[in-house]
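For reference, the structure is listed below as structure tokens.
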Amino acid sequence: MTMKKGWLLLCILALFGLTGACTKPAAKTPVDKADPLIGLSMPTHSDESWIRHSSFTIQYLKEMGYTKFDELIVKGAKILVVAAVNGEALGEVLKKAADAGIKVIAYDRLLMNTPNVDYYVTFDNYKVGVAEAEYIIDKLGLKDGKGPFNIELFGGSLDDSNSKYFYQGAFDLLKPYIDSGKLVVKSKQTSLEAVATPGWDGAKAMARMDNLLTAFYAGGSRVDAVLVPYDGLSIGVIASLKNTGYGTKALPLPIVTGQDAEVASVISIINGEQTQTVWKDFRVQAKACALMVDAVLKGKEVPVNDTTTYNNGVKNVPTFSNPVTSIDISNYMDLFNAGFYNKTDAVWKGMVK
């Protein structure tokens, strides 16, 4: 493939690594200083979903002809793609970027309380919550008047701007059933602040589920559904449930939702434990991001489809929002049929045919 002019700068950094250097490649191509540099920063290089986000983004940018280099703002990057651990913690860095004429695209997580973010690429985060709540409503038969059922609610980390959209999307649908008594939250913990999970930490979700079961379900009542916004938390919630006797014929596991279709949770779904996850095809978001980057660098109109939903406390950030898909035991093979996972990989041996 003929390579376009331009260099792709890839840095998988922690929050304040934006002005540092990345690991240098073994062989370094001389830099044409007229070529644009692209900075890409993800919050971690250990979490499965973020590894896939970064790898797909790299793939599409490479297909557009951009190549790797090794430094960031100090080398004159023309655009930054930033997925922040804490959406409010980069104000000074973003101001420096703006002062240097560098465009900023927030990736997956909105950069909050700053005027210095130009675009946002994400999935429809409100609909993630909607998909989780719709699944609970459908499987419990709430629209048919069944109930009451016991439910407990989990939220994401409060320092992640997406958490409020996930939770609001779900709670808006569940609230009428809570108000009518068809869904009972025995803990009475229903605000995002009360149900949030700091750092999206699965161990903390497990500990909170332990406490809920001990405090509110020790007298013989059972929990029928648990709203969980992310697979990494779902695994912790399920571990807690199983430790207290759930997962048997006499005491089946409740409905447990999730998000990201991570390998462990897909396996859990196949094994009849986790009930549902929301699939966000990272390839779709990565491609949308690459197209936005390309448009910015070429001075073309940047593709966006939402200019009103995502307000970061200072302004509505022009956004490209991508669709999501609900996955359970009935359609998990869509992940393989679409090539998101490869069923010949060792992790799926004996599980997926």
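Simple scheme: letters A, B, ... for chains in structure tokens order, numbers from 1 for residues in each chain, numbers from 1 for ligands in the order shown.
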
Residue set, stretch 59-288 of chain A restricted to strand (DSSP E), as a PyMOL selection string: chain A and resi 67-69+77-82+103-107+119-123+149-153+183-184+225-227+255-256+277-279

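Residues in contact with stretch 125-138 of chain A at up to 7 Å, not including ones fewer than 4 positions away on its chain and judged by only C-alpha atoms, are Leu142, Lys143, Asn162, Tyr165, Phe166, Tyr167, Gln168, Gly169, Ala170, Leu173, Leu174, Ile255, Thr257, Val278, Val324 and Ser326 of chain A.
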
Write the residues of the preceding selection, restricted to C-alpha atoms, as a tab-separated table (two decimals), in the first residue's frame.
```
chain	number	residue	atom	x	y	z
A	142	LEU	CA	-42.37	-6.94	33.88
A	143	LYS	CA	-44.33	-5.66	30.89
A	162	ASN	CA	-19.65	7.61	30.76
A	165	TYR	CA	-25.00	7.88	30.81
A	166	PHE	CA	-24.85	4.13	31.42
A	167	TYR	CA	-26.74	4.47	34.68
A	168	GLN	CA	-29.28	7.01	33.51
A	169	GLY	CA	-30.13	4.93	30.43
A	170	ALA	CA	-30.90	1.96	32.65
A	173	LEU	CA	-36.43	2.41	32.23
A	174	LEU	CA	-36.30	0.66	35.60
A	255	ILE	CA	-30.04	-11.99	35.88
A	257	THR	CA	-25.96	-7.70	32.96
A	278	VAL	CA	-23.58	-5.15	25.69
A	324	VAL	CA	-24.42	-1.07	20.52
A	326	SER	CA	-27.21	-6.74	23.37
```

Name the residues in contact with stretch 106-110 of chain A at a cut-off of 7 Å, using only C-alpha atoms, excluding same-chain residues fewer than 4 positions from it; report them as an NGL selection string. :A and (81-84 or 87 or 117 or 119-122 or 160-162 or 312)

Please dump the current selection as a JSON list (two decimals), in the first residue's frame; keep N, CA and C atoms.
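Below you can see again_15.json, which holds the result:
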```json
[["chain", "number", "residue", "atom", "x", "y", "z"],
["A", 81, "VAL", "N", -5.50, 12.13, 20.27],
["A", 81, "VAL", "CA", -6.67, 11.28, 20.56],
["A", 81, "VAL", "C", -6.47, 10.78, 21.99],
["A", 82, "VAL", "N", -7.37, 11.17, 22.89],
["A", 82, "VAL", "CA", -7.15, 10.93, 24.31],
["A", 82, "VAL", "C", -8.33, 10.20, 24.93],
["A", 83, "ALA", "N", -8.08, 9.02, 25.49],
["A", 83, "ALA", "CA", -9.04, 8.33, 26.35],
["A", 83, "ALA", "C", -8.50, 8.44, 27.76],
["A", 84, "ALA", "N", -9.13, 9.25, 28.58],
["A", 84, "ALA", "CA", -8.59, 9.58, 29.89],
["A", 84, "ALA", "C", -9.11, 8.66, 30.97],
["A", 87, "GLY", "N", -11.69, 12.03, 33.40],
["A", 87, "GLY", "CA", -12.02, 13.00, 32.36],
["A", 87, "GLY", "C", -11.84, 14.45, 32.77],
["A", 117, "VAL", "N", -11.37, 20.69, 24.00],
["A", 117, "VAL", "CA", -11.61, 19.41, 23.34],
["A", 117, "VAL", "C", -12.48, 19.72, 22.13],
["A", 119, "TYR", "N", -13.55, 17.35, 19.49],
["A", 119, "TYR", "CA", -14.50, 16.33, 19.04],
["A", 119, "TYR", "C", -14.50, 15.17, 20.03],
["A", 120, "TYR", "N", -15.53, 14.35, 19.92],
["A", 120, "TYR", "CA", -15.68, 13.18, 20.79],
["A", 120, "TYR", "C", -16.16, 12.02, 19.94],
["A", 121, "VAL", "N", -15.52, 10.85, 20.10],
["A", 121, "VAL", "CA", -15.97, 9.64, 19.41],
["A", 121, "VAL", "C", -16.29, 8.61, 20.48],
["A", 122, "THR", "N", -17.47, 8.00, 20.38],
["A", 122, "THR", "CA", -17.92, 7.14, 21.45],
["A", 122, "THR", "C", -18.96, 6.16, 20.93],
["A", 160, "ASP", "N", -15.45, 8.69, 35.69],
["A", 160, "ASP", "CA", -15.63, 8.38, 34.28],
["A", 160, "ASP", "C", -16.94, 9.00, 33.82],
["A", 161, "SER", "N", -16.87, 9.93, 32.89],
["A", 161, "SER", "CA", -18.08, 10.64, 32.44],
["A", 161, "SER", "C", -19.12, 9.71, 31.84],
["A", 162, "ASN", "N", -18.70, 8.55, 31.35],
["A", 162, "ASN", "CA", -19.65, 7.61, 30.76],
["A", 162, "ASN", "C", -20.59, 7.01, 31.80],
["A", 312, "ASN", "N", -19.75, 18.79, 28.24],
["A", 312, "ASN", "CA", -18.67, 18.49, 29.19],
["A", 312, "ASN", "C", -18.57, 19.49, 30.34]]
```

Within 12 Å of stretch 147-158 of chain A: each stretch 234-253 of chain A residue with its shortest pair, only C-alpha atoms, as a Markdown table:
```
| residue | atom | partner | partner_atom | distance |
| --- | --- | --- | --- | --- |
| A:Ser234 | CA | A:Phe154 | CA | 9.4 |
| A:Gly236 | CA | A:Phe154 | CA | 11.5 |
| A:Val237 | CA | A:Phe154 | CA | 9.4 |
```

Generate a file of the selected residues that holds C-alpha atoms, formatted as a PDB file, in the first residue's frame.
```pdb
ATOM      1  CA  SER A 234     -20.127  -8.564  36.550  1.00  0.00           C
ATOM      2  CA  GLY A 236     -16.975  -9.913  40.714  1.00  0.00           C
ATOM      3  CA  VAL A 237     -20.721  -9.770  41.380  1.00  0.00           C
TER       4      VAL A 237
END
```

So that I can see what lies close to A:Asp231, please list as a VMD selection string the residues with an atom at most 8 Å from it, counting only C-alpha atoms and leaving out residues fewer than 2 positions away in the same chain. chain A and resid 228 to 229 233 to 235 257 to 262 265 277

Selection file, C-alpha atoms, as a PDB file, in the first residue's frame:
```pdb
ATOM      1  CA  VAL A 228     -24.179  -4.202  36.319  1.00  0.00           C
ATOM      2  CA  PRO A 229     -22.746  -1.748  33.769  1.00  0.00           C
ATOM      3  CA  LEU A 233     -17.717  -5.805  37.582  1.00  0.00           C
ATOM      4  CA  SER A 234     -20.127  -8.564  36.550  1.00  0.00           C
ATOM      5  CA  ILE A 235     -17.491 -11.231  37.171  1.00  0.00           C
ATOM      6  CA  THR A 257     -25.964  -7.698  32.956  1.00  0.00           C
ATOM      7  CA  GLY A 258     -22.665  -6.349  31.671  1.00  0.00           C
ATOM      8  CA  GLN A 259     -20.864  -4.471  28.933  1.00  0.00           C
ATOM      9  CA  ASP A 260     -17.964  -4.955  26.500  1.00  0.00           C
ATOM     10  CA  ALA A 261     -18.359  -8.656  25.649  1.00  0.00           C
ATOM     11  CA  GLU A 262     -15.026  -9.419  27.305  1.00  0.00           C
ATOM     12  CA  SER A 265     -17.886 -12.740  30.412  1.00  0.00           C
ATOM     13  CA  THR A 277     -23.502  -8.161  27.999  1.00  0.00           C
TER      14      THR A 277
END
```

Pick out the residues sitting within 10 Å of stretch 96-98 of chain A, and hand them over as a PyMOL selection string; count only C-alpha atoms, and ignore anything fewer than 5 positions along from it in its own chain. chain A and resi 73+76-80+91+103-104+115-118

The selected residues should be written to file as a PDB file, in the first residue's frame (atoms: C-alpha atoms).
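And here's result.pdb as it stands now:
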```pdb
ATOM      1  CA  ILE A  73       3.548  17.274  22.064  1.00  0.00           C
ATOM      2  CA  GLY A  76       4.838  18.990  17.385  1.00  0.00           C
ATOM      3  CA  ALA A  77       1.832  16.666  17.225  1.00  0.00           C
ATOM      4  CA  LYS A  78      -1.000  18.109  15.133  1.00  0.00           C
ATOM      5  CA  ILE A  79      -3.775  16.142  16.800  1.00  0.00           C
ATOM      6  CA  LEU A  80      -4.282  14.184  20.020  1.00  0.00           C
ATOM      7  CA  GLY A  91      -7.071  20.569  31.994  1.00  0.00           C
ATOM      8  CA  LYS A 103      -6.676  19.540  17.917  1.00  0.00           C
ATOM      9  CA  VAL A 104      -8.056  17.101  20.493  1.00  0.00           C
ATOM     10  CA  PRO A 115     -13.089  24.198  26.308  1.00  0.00           C
ATOM     11  CA  ASN A 116     -10.019  22.511  24.821  1.00  0.00           C
ATOM     12  CA  VAL A 117     -11.613  19.407  23.340  1.00  0.00           C
ATOM     13  CA  ASP A 118     -12.723  19.627  19.728  1.00  0.00           C
TER      14      ASP A 118
END
```

Between atom CA of A:Thr308 and atom CA of A:Leu111, what is the distance in Å, rounded to a tenth? 15.4 Å

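Among the candidates A:Ile178, A:Leu227, A:Leu335, A:Ile267, the residue lying nearest to A:Asp281 is A:Leu335 (atoms considered: only C-alpha atoms).
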